[in-house]
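The data block below is model-v2.cif; it holds mmCIF, C-alpha atoms and all ligand atoms.
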```cif
data_input
#
loop_
_atom_site.label_atom_id
_atom_site.label_comp_id
_atom_site.auth_asym_id
_atom_site.auth_seq_id
_atom_site.Cartn_x
_atom_site.Cartn_y
_atom_site.Cartn_z
CA MET E 1 106.59 134.56 87.03
CA SER E 2 104.36 135.82 89.79
CA ASN E 3 100.70 136.76 89.80
CA CYS E 4 99.15 139.43 91.92
CA ALA E 5 95.62 140.66 92.61
CA ILE E 6 94.92 144.24 93.59
CA VAL E 7 91.65 144.42 95.45
CA GLY E 8 89.64 146.85 97.58
CA ILE E 9 89.36 146.12 101.29
CA ASN E 10 86.53 148.51 102.14
CA TRP E 11 83.54 149.98 100.26
CA GLY E 12 85.44 150.81 97.06
CA ASP E 13 87.22 153.98 95.87
CA GLU E 14 90.25 153.04 97.94
CA GLY E 15 92.69 153.97 95.17
CA LYS E 16 93.04 150.60 93.43
CA GLY E 17 93.53 152.20 90.01
CA ARG E 18 96.36 154.29 91.37
CA MET E 19 98.06 151.16 92.75
CA VAL E 20 97.58 149.16 89.54
CA ASP E 21 99.01 152.05 87.53
CA LEU E 22 102.03 152.14 89.87
CA LEU E 23 102.73 148.42 89.85
CA THR E 24 102.01 147.54 86.21
CA ASP E 25 105.64 148.00 85.21
CA ARG E 26 106.31 144.62 86.87
CA TYR E 27 103.58 142.81 84.96
CA ASP E 28 103.00 141.71 81.38
CA ILE E 29 99.22 141.50 81.54
CA VAL E 30 96.51 143.32 83.51
CA VAL E 31 93.07 141.69 83.72
CA ARG E 32 89.87 143.24 85.03
CA PHE E 33 87.95 140.27 86.37
CA GLN E 34 84.56 141.58 87.59
CA GLY E 35 82.17 144.51 87.64
CA GLY E 36 81.22 146.99 84.99
CA GLY E 37 81.49 150.65 84.19
CA ASN E 38 79.61 151.63 87.34
CA ALA E 39 82.61 152.85 89.29
CA GLY E 40 85.66 154.82 88.41
CA HIS E 41 89.37 154.48 88.91
CA THR E 42 91.16 157.81 88.80
CA VAL E 43 94.71 157.55 87.53
CA ILE E 44 97.19 160.41 87.37
CA ASN E 45 100.48 159.79 85.62
CA GLU E 46 102.89 161.49 83.21
CA ARG E 47 100.27 161.21 80.43
CA GLY E 48 97.58 163.15 82.28
CA LYS E 49 94.59 162.57 84.52
CA PHE E 50 92.23 159.79 83.52
CA ALA E 51 88.89 158.55 84.82
CA LEU E 52 88.69 154.87 83.92
CA HIS E 53 85.46 152.95 84.24
CA LEU E 54 85.91 149.74 82.29
CA LEU E 55 89.40 149.90 80.86
CA PRO E 56 92.06 148.16 82.99
CA SER E 57 94.46 150.59 84.64
CA GLY E 58 97.46 149.03 82.88
CA ILE E 59 96.41 150.70 79.64
CA PHE E 60 98.99 153.46 80.02
CA ARG E 61 102.04 151.19 80.07
CA GLU E 62 103.61 150.29 76.80
CA GLY E 63 103.93 146.57 76.22
CA VAL E 64 101.29 145.67 78.81
CA VAL E 65 98.34 143.67 77.49
CA ASN E 66 95.04 144.67 79.09
CA ILE E 67 92.13 142.26 79.23
CA LEU E 68 88.48 142.59 80.13
CA GLY E 69 87.80 139.13 81.51
CA ASN E 70 84.70 136.98 81.23
CA GLY E 71 83.53 138.14 84.69
CA VAL E 72 83.20 141.75 83.53
CA ALA E 73 79.94 143.40 82.45
CA VAL E 74 81.08 144.65 79.05
CA ASP E 75 78.92 147.60 78.09
CA PRO E 76 79.79 148.38 74.44
CA GLU E 77 78.30 151.86 74.63
CA SER E 78 80.22 152.97 77.73
CA LEU E 79 83.33 151.21 76.56
CA VAL E 80 83.37 152.97 73.18
CA ARG E 81 82.85 156.32 74.91
CA GLU E 82 85.68 155.63 77.32
CA MET E 83 87.98 154.39 74.53
CA ASN E 84 87.33 157.62 72.60
CA GLU E 85 88.11 159.74 75.67
CA VAL E 86 91.33 157.91 76.44
CA ARG E 87 92.41 158.00 72.78
CA ALA E 88 91.72 161.75 72.68
CA GLN E 89 94.22 162.03 75.54
CA GLY E 90 96.87 160.37 73.38
CA VAL E 91 96.70 156.74 74.54
CA ALA E 92 96.81 154.14 71.76
CA LEU E 93 94.24 151.35 72.02
CA THR E 94 94.75 148.44 69.68
CA PRO E 95 93.63 144.81 69.55
CA GLU E 96 97.15 144.08 70.81
CA ASN E 97 97.01 146.12 74.03
CA LEU E 98 93.27 145.81 74.73
CA MET E 99 91.52 142.46 74.52
CA ILE E 100 87.96 141.56 75.45
CA SER E 101 87.16 138.01 76.44
CA ASP E 102 84.92 136.29 73.91
CA ARG E 103 83.16 134.76 76.93
CA ALA E 104 82.30 138.11 78.51
CA SER E 105 78.58 138.91 78.40
CA LEU E 106 77.45 142.16 76.79
CA LEU E 107 75.47 144.67 78.80
CA MET E 108 72.44 145.59 76.72
CA PRO E 109 70.79 149.02 76.55
CA TRP E 110 67.75 147.55 78.28
CA HIS E 111 69.82 146.72 81.36
CA ARG E 112 70.27 150.43 81.98
CA ASP E 113 66.52 150.97 81.49
CA MET E 114 65.68 148.19 83.93
CA ASP E 115 67.99 149.72 86.53
CA GLU E 116 66.38 153.12 86.17
CA LEU E 117 62.82 151.73 86.17
CA GLU E 118 63.40 149.58 89.24
CA GLU E 119 65.03 152.40 91.25
CA ARG E 120 62.06 154.59 90.31
CA ARG E 121 59.65 151.87 91.48
CA LEU E 122 61.52 151.52 94.79
CA ALA E 123 61.40 155.32 95.31
CA ASP E 124 62.59 156.05 98.87
CA LYS E 125 63.63 152.41 99.36
CA LYS E 126 66.08 152.59 96.46
CA PHE E 127 69.55 151.04 96.65
CA GLY E 128 71.39 154.03 95.28
CA SER E 129 72.31 152.26 92.07
CA THR E 130 74.53 154.12 89.61
CA LYS E 131 71.92 153.12 87.00
CA GLN E 132 74.50 151.61 84.72
CA GLY E 133 72.44 148.44 84.44
CA ILE E 134 74.82 146.28 86.47
CA ALA E 135 72.30 144.42 88.68
CA PRO E 136 69.89 143.66 85.79
CA PHE E 137 72.89 142.58 83.72
CA TYR E 138 74.22 140.07 86.25
CA SER E 139 70.69 138.78 86.96
CA ASP E 140 70.28 138.08 83.25
CA LYS E 141 73.74 136.52 83.03
CA PHE E 142 72.81 134.04 85.75
CA GLN E 143 69.57 133.32 83.89
CA LYS E 144 71.68 132.75 80.75
CA LYS E 145 69.80 135.59 79.07
CA THR E 146 72.79 137.53 77.75
CA VAL E 147 74.85 137.37 74.58
CA LEU E 148 78.59 136.73 74.75
CA ALA E 149 81.05 139.13 73.12
CA GLY E 150 82.30 136.25 70.96
CA GLU E 151 78.86 135.99 69.33
CA LEU E 152 79.68 139.20 67.47
CA ASN E 153 81.72 136.92 65.21
CA TYR E 154 78.63 134.84 64.39
CA PRO E 155 76.16 137.42 62.93
CA GLU E 156 73.38 135.01 61.94
CA HIS E 157 73.42 133.27 65.28
CA LEU E 158 73.67 136.64 67.08
CA ARG E 159 70.64 138.04 65.27
CA GLU E 160 68.48 135.10 66.24
CA HIS E 161 69.72 135.12 69.81
CA LEU E 162 69.18 138.88 70.24
CA MET E 163 65.70 138.70 68.70
CA ALA E 164 64.69 136.07 71.23
CA LEU E 165 66.17 138.05 74.12
CA MET E 166 64.47 141.25 72.96
CA GLU E 167 61.11 139.52 72.79
CA TRP E 168 61.59 138.21 76.32
CA LYS E 169 62.83 141.51 77.76
CA ASN E 170 60.02 143.49 76.12
CA LEU E 171 57.53 141.47 78.19
CA THR E 172 59.05 142.82 81.42
CA LEU E 173 59.56 146.33 80.09
CA THR E 174 56.01 146.75 78.86
CA LYS E 175 53.93 144.54 81.15
CA VAL E 176 55.74 145.05 84.46
CA TYR E 177 57.01 148.61 84.13
CA GLY E 178 54.73 150.02 81.41
CA ALA E 179 57.77 151.17 79.44
CA GLU E 180 58.32 151.32 75.68
CA PRO E 181 59.42 148.07 73.98
CA TYR E 182 62.68 147.70 72.05
CA THR E 183 62.57 147.30 68.28
CA TRP E 184 65.02 145.45 66.07
CA GLU E 185 66.06 148.79 64.51
CA MET E 186 67.21 150.00 67.92
CA ILE E 187 69.27 146.87 68.44
CA GLU E 188 70.78 147.13 64.95
CA ARG E 189 71.81 150.70 65.66
CA TRP E 190 73.45 149.55 68.89
CA LEU E 191 75.28 146.79 67.01
CA ASN E 192 76.56 149.21 64.36
CA ASP E 193 77.36 152.18 66.57
CA TYR E 194 79.08 150.38 69.42
CA CYS E 195 79.51 146.63 69.04
CA ALA E 196 81.20 146.95 65.64
CA LEU E 197 83.86 149.15 67.23
CA ILE E 198 84.74 146.76 70.04
CA LYS E 199 84.59 143.64 67.87
CA PRO E 200 88.26 143.83 66.74
CA HIS E 201 89.26 143.56 70.40
CA VAL E 202 87.25 140.41 71.09
CA ALA E 203 89.46 137.34 71.37
CA ASP E 204 89.87 133.97 73.04
CA THR E 205 91.59 135.55 76.02
CA GLY E 206 91.45 132.27 77.95
CA ALA E 207 93.78 130.70 75.38
CA PHE E 208 95.93 133.84 75.36
CA LEU E 209 96.30 133.75 79.17
CA LYS E 210 97.02 130.05 79.22
CA LYS E 211 99.82 130.53 76.68
CA ALA E 212 101.14 133.53 78.59
CA GLN E 213 101.16 131.45 81.75
CA THR E 214 103.19 128.66 80.15
CA GLU E 215 105.61 131.27 78.82
CA GLY E 216 106.15 132.49 82.39
CA LYS E 217 104.48 135.86 81.94
CA SER E 218 103.24 137.69 85.04
CA ILE E 219 99.63 138.70 85.47
CA LEU E 220 98.02 141.43 87.54
CA PHE E 221 94.34 140.95 88.39
CA GLU E 222 92.43 144.16 88.93
CA ALA E 223 89.21 144.39 90.95
CA GLN E 224 86.48 146.96 90.97
CA LEU E 225 84.82 148.07 94.25
CA GLY E 226 85.75 146.51 97.61
CA SER E 227 85.21 143.58 99.98
CA LEU E 228 82.15 145.10 101.63
CA ARG E 229 80.42 145.32 98.24
CA ASP E 230 81.07 141.67 97.37
CA LEU E 231 77.86 139.90 96.42
CA ASP E 232 78.46 137.02 98.86
CA TYR E 233 80.61 138.57 101.59
CA GLY E 234 79.50 142.20 101.61
CA ILE E 235 76.75 144.25 103.24
CA HIS E 236 73.92 142.42 101.48
CA PRO E 237 71.71 143.70 99.87
CA TYR E 238 73.73 146.91 99.51
CA THR E 239 76.42 145.11 97.58
CA THR E 240 77.31 145.06 93.96
CA SER E 241 76.14 142.13 91.82
CA SER E 242 79.48 140.40 91.33
CA ASN E 243 82.36 139.08 93.43
CA THR E 244 85.06 141.59 94.27
CA MET E 245 87.19 138.95 95.98
CA ALA E 246 90.72 138.03 94.96
CA ALA E 247 89.57 134.41 95.07
CA TYR E 248 87.25 135.16 92.14
CA ALA E 249 90.05 136.67 90.04
CA PRO E 250 91.12 133.43 88.30
CA ILE E 251 87.52 132.56 87.39
CA GLY E 252 86.52 136.03 86.19
CA SER E 253 89.73 136.37 84.22
CA GLY E 254 89.66 133.26 82.09
CA LEU E 255 92.40 131.41 83.90
CA PRO E 256 90.49 129.34 86.45
CA GLY E 257 93.57 127.42 87.56
CA ALA E 258 95.73 130.48 88.18
CA ARG E 259 97.60 130.68 91.45
CA ILE E 260 97.73 134.13 93.00
CA ASP E 261 101.02 134.73 94.74
CA GLU E 262 100.29 138.12 96.20
CA VAL E 263 97.03 139.85 97.15
CA ILE E 264 97.48 143.56 97.68
CA GLY E 265 94.55 144.95 99.61
CA VAL E 266 93.99 148.66 99.16
CA VAL E 267 92.79 150.50 102.27
CA LYS E 268 92.06 154.20 102.48
CA ALA E 269 93.45 156.04 105.54
CA TYR E 270 89.84 156.98 106.36
CA SER E 271 86.50 155.55 105.22
CA THR E 272 84.21 156.47 102.34
CA CYS E 273 81.05 154.91 101.01
CA VAL E 274 78.86 155.78 98.04
CA GLY E 275 75.14 155.18 97.98
CA GLU E 276 72.77 153.63 100.46
CA GLY E 277 73.31 150.99 103.13
CA PRO E 278 74.79 150.68 106.60
CA PHE E 279 78.00 152.63 107.19
CA VAL E 280 78.58 152.36 110.92
CA CYS E 281 81.56 154.71 111.19
CA GLU E 282 79.86 157.55 109.28
CA MET E 283 80.65 161.12 110.36
CA PHE E 284 78.21 163.99 109.85
CA GLY E 285 78.17 167.77 109.94
CA PRO E 286 81.11 170.15 109.49
CA GLU E 287 83.67 167.50 110.51
CA ALA E 288 82.46 165.26 107.67
CA ASP E 289 82.29 168.15 105.18
CA LYS E 290 85.88 169.06 105.94
CA LEU E 291 87.13 165.51 105.39
CA ARG E 292 85.08 165.18 102.18
CA GLU E 293 86.61 168.39 100.85
CA ALA E 294 90.14 167.49 101.94
CA GLY E 295 89.95 164.12 100.18
CA PHE E 296 87.81 165.42 97.32
CA GLU E 297 85.39 162.58 97.94
CA TYR E 298 82.95 162.81 95.04
CA GLY E 299 82.10 159.81 92.84
CA ALA E 300 84.26 159.49 89.71
CA LYS E 301 81.28 158.23 87.71
CA THR E 302 78.37 160.14 89.20
CA GLY E 303 79.91 163.16 90.98
CA ARG E 304 77.85 162.16 94.05
CA PRO E 305 79.30 163.31 97.39
CA ARG E 306 80.69 160.25 99.18
CA ARG E 307 79.76 159.51 102.78
CA VAL E 308 82.87 159.74 104.96
CA GLY E 309 84.12 158.49 108.32
CA PRO E 310 87.28 157.57 110.20
CA VAL E 311 89.19 154.43 109.29
CA ASP E 312 87.02 151.52 110.43
CA ILE E 313 89.17 148.85 112.05
CA VAL E 314 86.28 146.35 112.40
CA ALA E 315 85.30 146.52 108.72
CA THR E 316 88.90 146.70 107.50
CA ARG E 317 89.99 143.66 109.51
CA TYR E 318 87.09 141.73 107.99
CA GLY E 319 87.96 142.97 104.50
CA VAL E 320 91.56 141.84 104.92
CA GLU E 321 90.41 138.43 106.13
CA VAL E 322 87.96 137.70 103.31
CA GLN E 323 90.39 138.91 100.65
CA ALA E 324 93.22 136.91 102.25
CA ALA E 325 95.41 139.95 101.63
CA THR E 326 99.15 139.33 101.84
CA ALA E 327 100.06 143.04 101.93
CA ILE E 328 98.27 146.36 102.26
CA ALA E 329 98.52 149.62 100.38
CA LEU E 330 97.31 152.43 102.64
CA THR E 331 96.25 155.38 100.49
CA LYS E 332 95.44 159.04 101.04
CA LEU E 333 97.36 159.39 104.30
CA ASP E 334 98.22 162.94 103.19
CA VAL E 335 94.52 163.88 103.34
CA LEU E 336 94.54 163.57 107.16
CA SER E 337 97.37 166.10 107.59
CA TYR E 338 94.97 168.93 108.45
CA MET E 339 93.56 167.15 111.51
CA ASP E 340 94.80 168.01 115.01
CA ARG E 341 93.65 164.61 116.19
CA ILE E 342 92.79 161.65 114.01
CA PRO E 343 89.62 159.67 114.75
CA VAL E 344 89.70 155.87 114.48
CA CYS E 345 86.68 153.59 114.74
CA THR E 346 88.20 150.84 116.89
CA HIS E 347 85.08 148.78 117.70
CA TYR E 348 81.34 148.72 117.25
CA ARG E 349 78.90 148.74 120.12
CA LEU E 350 76.03 146.32 119.58
CA ASN E 351 73.33 145.74 122.20
CA GLY E 352 75.58 147.28 124.83
CA GLU E 353 78.56 145.07 124.00
CA LEU E 354 81.86 145.91 122.36
CA VAL E 355 82.25 144.08 119.05
CA ASP E 356 85.46 143.66 117.10
CA ARG E 357 84.19 141.14 114.55
CA PHE E 358 82.25 142.51 111.59
CA PRO E 359 78.59 141.65 112.29
CA PHE E 360 76.00 139.98 110.08
CA PRO E 361 74.59 142.61 107.67
CA ALA E 362 71.16 142.77 109.33
CA ALA E 363 72.79 143.70 112.66
CA LEU E 364 74.77 146.62 111.22
CA ASP E 365 71.92 149.09 111.60
CA ASP E 366 72.00 148.57 115.36
CA CYS E 367 75.74 149.12 115.66
CA GLU E 368 77.32 152.32 116.90
CA PRO E 369 80.93 153.26 116.30
CA VAL E 370 83.41 153.43 119.16
CA VAL E 371 85.86 156.17 118.28
CA GLU E 372 89.31 156.86 119.73
CA TYR E 373 91.63 159.69 118.78
CA PHE E 374 95.27 159.65 117.74
CA ASP E 375 97.67 162.59 117.64
CA GLY E 376 97.73 164.35 114.29
CA TRP E 377 100.97 165.36 112.58
CA ASN E 378 99.88 168.80 111.39
CA CYS E 379 102.33 169.09 108.52
CA ASP E 380 102.42 168.36 104.80
CA ILE E 381 103.62 164.79 104.20
CA SER E 382 103.00 164.69 100.44
CA ALA E 383 106.72 165.04 99.63
CA CYS E 384 107.76 162.10 101.85
CA ARG E 385 109.15 159.19 99.85
CA LYS E 386 110.75 157.16 102.62
CA TRP E 387 109.20 155.69 105.75
CA ASP E 388 111.67 157.54 107.98
CA GLU E 389 110.65 160.86 106.45
CA LEU E 390 107.16 160.52 107.89
CA PRO E 391 106.48 162.30 111.19
CA GLU E 392 106.31 160.01 114.26
CA ALA E 393 102.57 160.60 114.66
CA ALA E 394 101.90 159.46 111.08
CA LYS E 395 104.06 156.36 111.57
CA ASN E 396 102.23 155.56 114.81
CA TYR E 397 98.90 155.83 113.02
CA VAL E 398 100.02 153.46 110.23
CA LEU E 399 101.56 150.99 112.67
CA TYR E 400 98.42 150.99 114.80
CA ILE E 401 96.24 150.12 111.79
CA GLU E 402 98.73 147.45 110.72
CA LYS E 403 98.65 145.79 114.14
CA GLN E 404 94.86 145.89 114.36
CA ILE E 405 94.20 144.43 110.92
CA GLY E 406 97.02 141.89 111.13
CA CYS E 407 98.55 142.55 107.73
CA PHE E 408 101.79 144.27 106.69
CA ILE E 409 101.29 147.76 105.24
CA LYS E 410 103.82 147.63 102.45
CA TYR E 411 102.82 150.78 100.59
CA VAL E 412 101.85 154.16 102.03
CA SER E 413 100.44 156.54 99.46
CA VAL E 414 100.81 160.27 100.18
CA GLY E 415 99.39 161.75 96.97
CA PRO E 416 97.53 160.80 93.80
CA GLU E 417 100.56 161.02 91.50
CA ARG E 418 102.33 157.83 90.49
CA ASP E 419 105.49 158.55 92.50
CA SER E 420 103.79 159.83 95.68
CA ILE E 421 104.43 156.53 97.39
CA ILE E 422 106.43 155.13 100.27
CA VAL E 423 107.45 151.48 99.92
CA ARG E 424 108.40 149.81 103.16
P1 LIG Y 1 89.53 153.22 92.91
O1 LIG Y 1 88.20 153.06 92.26
O2 LIG Y 1 89.75 152.28 94.04
O3 LIG Y 1 90.66 153.21 91.93
O4 LIG Y 1 89.54 154.66 93.61
P2 LIG Y 1 89.08 156.06 92.97
O5 LIG Y 1 89.89 156.36 91.81
O6 LIG Y 1 87.60 156.12 92.88
O7 LIG Y 1 89.42 157.03 94.20
C1 LIG Y 1 90.68 157.28 94.63
C2 LIG Y 1 90.95 158.77 94.48
O8 LIG Y 1 91.98 159.18 95.33
C3 LIG Y 1 91.43 159.17 93.08
O9 LIG Y 1 90.95 160.45 92.78
C4 LIG Y 1 92.94 159.18 93.21
O10 LIG Y 1 93.58 160.06 92.31
C5 LIG Y 1 93.09 159.67 94.62
N1 LIG Y 1 94.24 159.15 95.33
C6 LIG Y 1 94.74 157.89 95.31
N2 LIG Y 1 95.75 157.77 96.20
C7 LIG Y 1 95.87 158.99 96.79
C8 LIG Y 1 96.71 159.52 97.83
O11 LIG Y 1 97.53 158.82 98.41
N3 LIG Y 1 96.51 160.82 98.19
C9 LIG Y 1 95.59 161.62 97.60
N4 LIG Y 1 95.48 162.89 98.02
N5 LIG Y 1 94.77 161.17 96.62
C10 LIG Y 1 94.91 159.87 96.24
#
```
Represent the structure of the file as structure tokens.
Amino acid sequence: MSNCAIVGINWGDEGKGRMVDLLTDRYDIVVRFQGGGNAGHTVINERGKFALHLLPSGIFREGVVNILGNGVAVDPESLVREMNEVRAQGVALTPENLMISDRASLLMPWHRDMDELEERRLADKKFGSTKQGIAPFYSDKFQKKTVLAGELNYPEHLREHLMALMEWKNLTLTKVYGAEPYTWEMIERWLNDYCALIKPHVADTGAFLKKAQTEGKSILFEAQLGSLRDLDYGIHPYTTSSNTMAAYAPIGSGLPGARIDEVIGVVKAYSTCVGEGPFVCEMFGPEADKLREAGFEYGAKTGRPRRVGPVDIVATRYGVEVQAATAIALTKLDVLSYMDRIPVCTHYRLNGELVDRFPFPAALDDCEPVVEYFDGWNCDISACRKWDELPEAAKNYVLYIEKQIGCFIKYVSVGPERDSIIVR
């Protein structure tokens, strides 16, 4: 038995879903341990092209059990929509291959409202939230003002609990934001239309995982977003509202004592960032447009154009360190094939000094990128399946990144399809 976490090293959208989909054949169970439906994993395999938001990326493999852990923001409405989409594409979802932790909190419709209302209040100071209700959800979870998925099995208790929460939330909605209050009819509709459909999947996944562990089963922990969006270690306050760290995987999964044998950090061969916040290595103008087009860098959930830049050694080294990555998957190397010379952000300049350690978030706005150029390879590498098939210039680029971040690049991805991968 061996356990592995697949995590993002940068700002998210590194291609984690693609790596989980590739590696799930070695694992019995895939657990999403944090985050909500506010980001998207795009997975392309023999069954089609899928945009996953909440469902773990192991859902396409027969025999693999997929779990939404207690650390996840389970939004019944989004989840039902996503389940319907995936089912319409021919993927079976049953209580056997998709389980939801009974200890996971449910994202309520009012969390989405709160997100929207607060972004509107902030106007030009907004955080660029995806308005999926994630920040209000986690705030309420920490205030113990959420219901747990397992409460769906206790209708009387649930009704009382939800009534009390609604009364409390209506105070903020009406008195702070001047919005309409919720009524019990609205909540009942939500319970019938969405919660009833996910209820068969709710289970004591902690007990299930514990048993699986004693039986020697292997578990893959899947993260959403990346190191720089981690609530504690990221670019505060432009982070997400949960912990994207591999170290959080056992806690957010329901197996707090789990040992993680391997942490695969996913790094994109260049940088992208969605939403607001400091992004030191950002490129602008036609150069940026070209890279955005080449990599098709538009948000899977929102369609928003992603900000782009060269690979950022300073941020990536930090991401590797905080994730304690044991190996790296470098994705989208093929996207850089059009470039005559490849830019790399090697350092930051801060107050006239060269910096190679990722600075405190408040200092990031004063940092400028130091960019060096590497030779491009100017040929299509998407058919390469072995390290030696890569052109020298591409190998040099990968080896340079590896040396700078101090972690072995075990996988080099040269296309979005499952088999477009080089394993070293
Ligand atoms: P995630 O949230 O980390 O899973 O990343 P996303 O799914 O948001 O973004 C990764 C995107 O890049 C998806 O559209 C993938 O299909 C695509 N992708 C992943 N690896 C590669 C690759 O090596 N080359 C190319 N061209 N696309 C890739």
Quiz item: To one decimal place, how far is atom CA of Leu98 of chain E from atom CA of Arg81 of chain E in Å?
Solution: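 Separation of atom CA of Leu98 of chain E and atom CA of Arg81 of chain E: 14.8 Å.
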Which chain E residues have any atom within 6 Å of an atom of ligand LIG 1 (chain Y), and for each, what is the nearest pair of atoms with distance in Å to one decimal, counting all atoms listed in the file, rows sorted by chain and number, as JSON lines?
```
{"residue": "E:Gly12", "atom": "CA", "partner": "Y:LIG1", "partner_atom": "O2", "distance": 5.5}
{"residue": "E:Asp13", "atom": "CA", "partner": "Y:LIG1", "partner_atom": "O4", "distance": 3.3}
{"residue": "E:Glu14", "atom": "CA", "partner": "Y:LIG1", "partner_atom": "O2", "distance": 4.0}
{"residue": "E:Gly15", "atom": "CA", "partner": "Y:LIG1", "partner_atom": "O2", "distance": 3.6}
{"residue": "E:Lys16", "atom": "CA", "partner": "Y:LIG1", "partner_atom": "O2", "distance": 3.7}
{"residue": "E:Gly17", "atom": "CA", "partner": "Y:LIG1", "partner_atom": "O3", "distance": 3.6}
{"residue": "E:Arg18", "atom": "CA", "partner": "Y:LIG1", "partner_atom": "C6", "distance": 5.6}
{"residue": "E:Gly40", "atom": "CA", "partner": "Y:LIG1", "partner_atom": "O1", "distance": 4.9}
{"residue": "E:His41", "atom": "CA", "partner": "Y:LIG1", "partner_atom": "O5", "distance": 3.5}
{"residue": "E:Thr42", "atom": "CA", "partner": "Y:LIG1", "partner_atom": "O5", "distance": 3.6}
{"residue": "E:Val43", "atom": "CA", "partner": "Y:LIG1", "partner_atom": "O10", "distance": 5.5}
{"residue": "E:Ala300", "atom": "CA", "partner": "Y:LIG1", "partner_atom": "O6", "distance": 5.7}
{"residue": "E:Thr331", "atom": "CA", "partner": "Y:LIG1", "partner_atom": "O11", "distance": 4.2}
{"residue": "E:Lys332", "atom": "CA", "partner": "Y:LIG1", "partner_atom": "O11", "distance": 3.4}
{"residue": "E:Leu333", "atom": "CA", "partner": "Y:LIG1", "partner_atom": "O11", "distance": 5.9}
{"residue": "E:Asp334", "atom": "CA", "partner": "Y:LIG1", "partner_atom": "N3", "distance": 5.7}
{"residue": "E:Val335", "atom": "CA", "partner": "Y:LIG1", "partner_atom": "N4", "distance": 5.5}
{"residue": "E:Ser413", "atom": "CA", "partner": "Y:LIG1", "partner_atom": "O11", "distance": 3.8}
{"residue": "E:Val414", "atom": "CA", "partner": "Y:LIG1", "partner_atom": "O11", "distance": 4.0}
{"residue": "E:Gly415", "atom": "CA", "partner": "Y:LIG1", "partner_atom": "N3", "distance": 3.3}
{"residue": "E:Pro416", "atom": "CA", "partner": "Y:LIG1", "partner_atom": "C10", "distance": 3.7}
```
Take the residues from that selection and put them in a file with C-alpha atoms, as a CSV table (one decimal), in the coordinates of the input.
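Generated output (selection02.csv):
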```csv
chain,number,residue,atom,x,y,z
E,12,GLY,CA,85.4,150.8,97.1
E,13,ASP,CA,87.2,154.0,95.9
E,14,GLU,CA,90.2,153.0,97.9
E,15,GLY,CA,92.7,154.0,95.2
E,16,LYS,CA,93.0,150.6,93.4
E,17,GLY,CA,93.5,152.2,90.0
E,18,ARG,CA,96.4,154.3,91.4
E,40,GLY,CA,85.7,154.8,88.4
E,41,HIS,CA,89.4,154.5,88.9
E,42,THR,CA,91.2,157.8,88.8
E,43,VAL,CA,94.7,157.6,87.5
E,300,ALA,CA,84.3,159.5,89.7
E,331,THR,CA,96.2,155.4,100.5
E,332,LYS,CA,95.4,159.0,101.0
E,333,LEU,CA,97.4,159.4,104.3
E,334,ASP,CA,98.2,162.9,103.2
E,335,VAL,CA,94.5,163.9,103.3
E,413,SER,CA,100.4,156.5,99.5
E,414,VAL,CA,100.8,160.3,100.2
E,415,GLY,CA,99.4,161.8,97.0
E,416,PRO,CA,97.5,160.8,93.8
```
Report as a Markdown table: every residue of segment 157-271 of chain E with an atom at most 10 Å from segment 102-122 of chain E, its closest pair of atoms, and their distance in Å to one decimal, counting all atoms listed in the file, with rows sorted by chain and ascending residue number.
```
| residue | atom | partner | partner_atom | distance |
| --- | --- | --- | --- | --- |
| E:Leu162 | CA | E:Met108 | CA | 9.9 |
| E:Met166 | CA | E:Trp110 | CA | 8.9 |
| E:Lys169 | CA | E:Trp110 | CA | 7.8 |
| E:Asn170 | CA | E:Trp110 | CA | 9.0 |
| E:Thr172 | CA | E:Met114 | CA | 8.9 |
| E:Leu173 | CA | E:Met114 | CA | 7.5 |
| E:Val176 | CA | E:Leu117 | CA | 9.9 |
| E:Tyr177 | CA | E:Leu117 | CA | 6.9 |
| E:Gly178 | CA | E:Leu117 | CA | 9.5 |
| E:Ala179 | CA | E:Leu117 | CA | 8.4 |
| E:Pro181 | CA | E:Trp110 | CA | 9.4 |
| E:Tyr182 | CA | E:Trp110 | CA | 8.0 |
| E:Met186 | CA | E:Pro109 | CA | 9.4 |
| E:Ile187 | CA | E:Pro109 | CA | 8.5 |
| E:Trp190 | CA | E:Pro109 | CA | 8.1 |
| E:Cys195 | CA | E:Leu106 | CA | 9.2 |
| E:Lys199 | CA | E:Asp102 | CA | 9.5 |
| E:His201 | CA | E:Asp102 | CA | 9.2 |
| E:Val202 | CA | E:Asp102 | CA | 5.5 |
| E:Ala203 | CA | E:Asp102 | CA | 5.3 |
| E:Asp204 | CA | E:Asp102 | CA | 5.5 |
| E:Thr205 | CA | E:Asp102 | CA | 7.0 |
| E:Gly206 | CA | E:Asp102 | CA | 8.7 |
| E:Gly252 | CA | E:Ala104 | CA | 9.0 |
| E:Ser253 | CA | E:Ala104 | CA | 9.5 |
| E:Gly254 | CA | E:Arg103 | CA | 8.4 |
```
| task | Grab the atom CA of Lys125 of chain E to atom CA of Thr174 of chain E distance for me, in Å with one decimal place. | result |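 Atom CA of Thr174 of chain E lies at a distance of 22.6 Å from atom CA of Lys125 of chain E.
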Work out how far apart atom CA of Phe374 of chain E and atom CA of Lys386 of chain E are and give it in Å to one decimal.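 If I compute the distance from atom CA of Phe374 of chain E to atom CA of Lys386 of chain E, I get 21.8 Å.
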message = Excluding Ile219 of chain E and its own-chain neighbours fewer than 2 positions away, which residues fall within 8 Å of it when counting all atoms listed in the file? Please give them as a list of chain:residue names.
response = E:Ser2, E:Asn3, E:Cys4, E:Tyr27, E:Asp28, E:Ile29, E:Val30, E:Val31, E:Lys217, E:Phe221
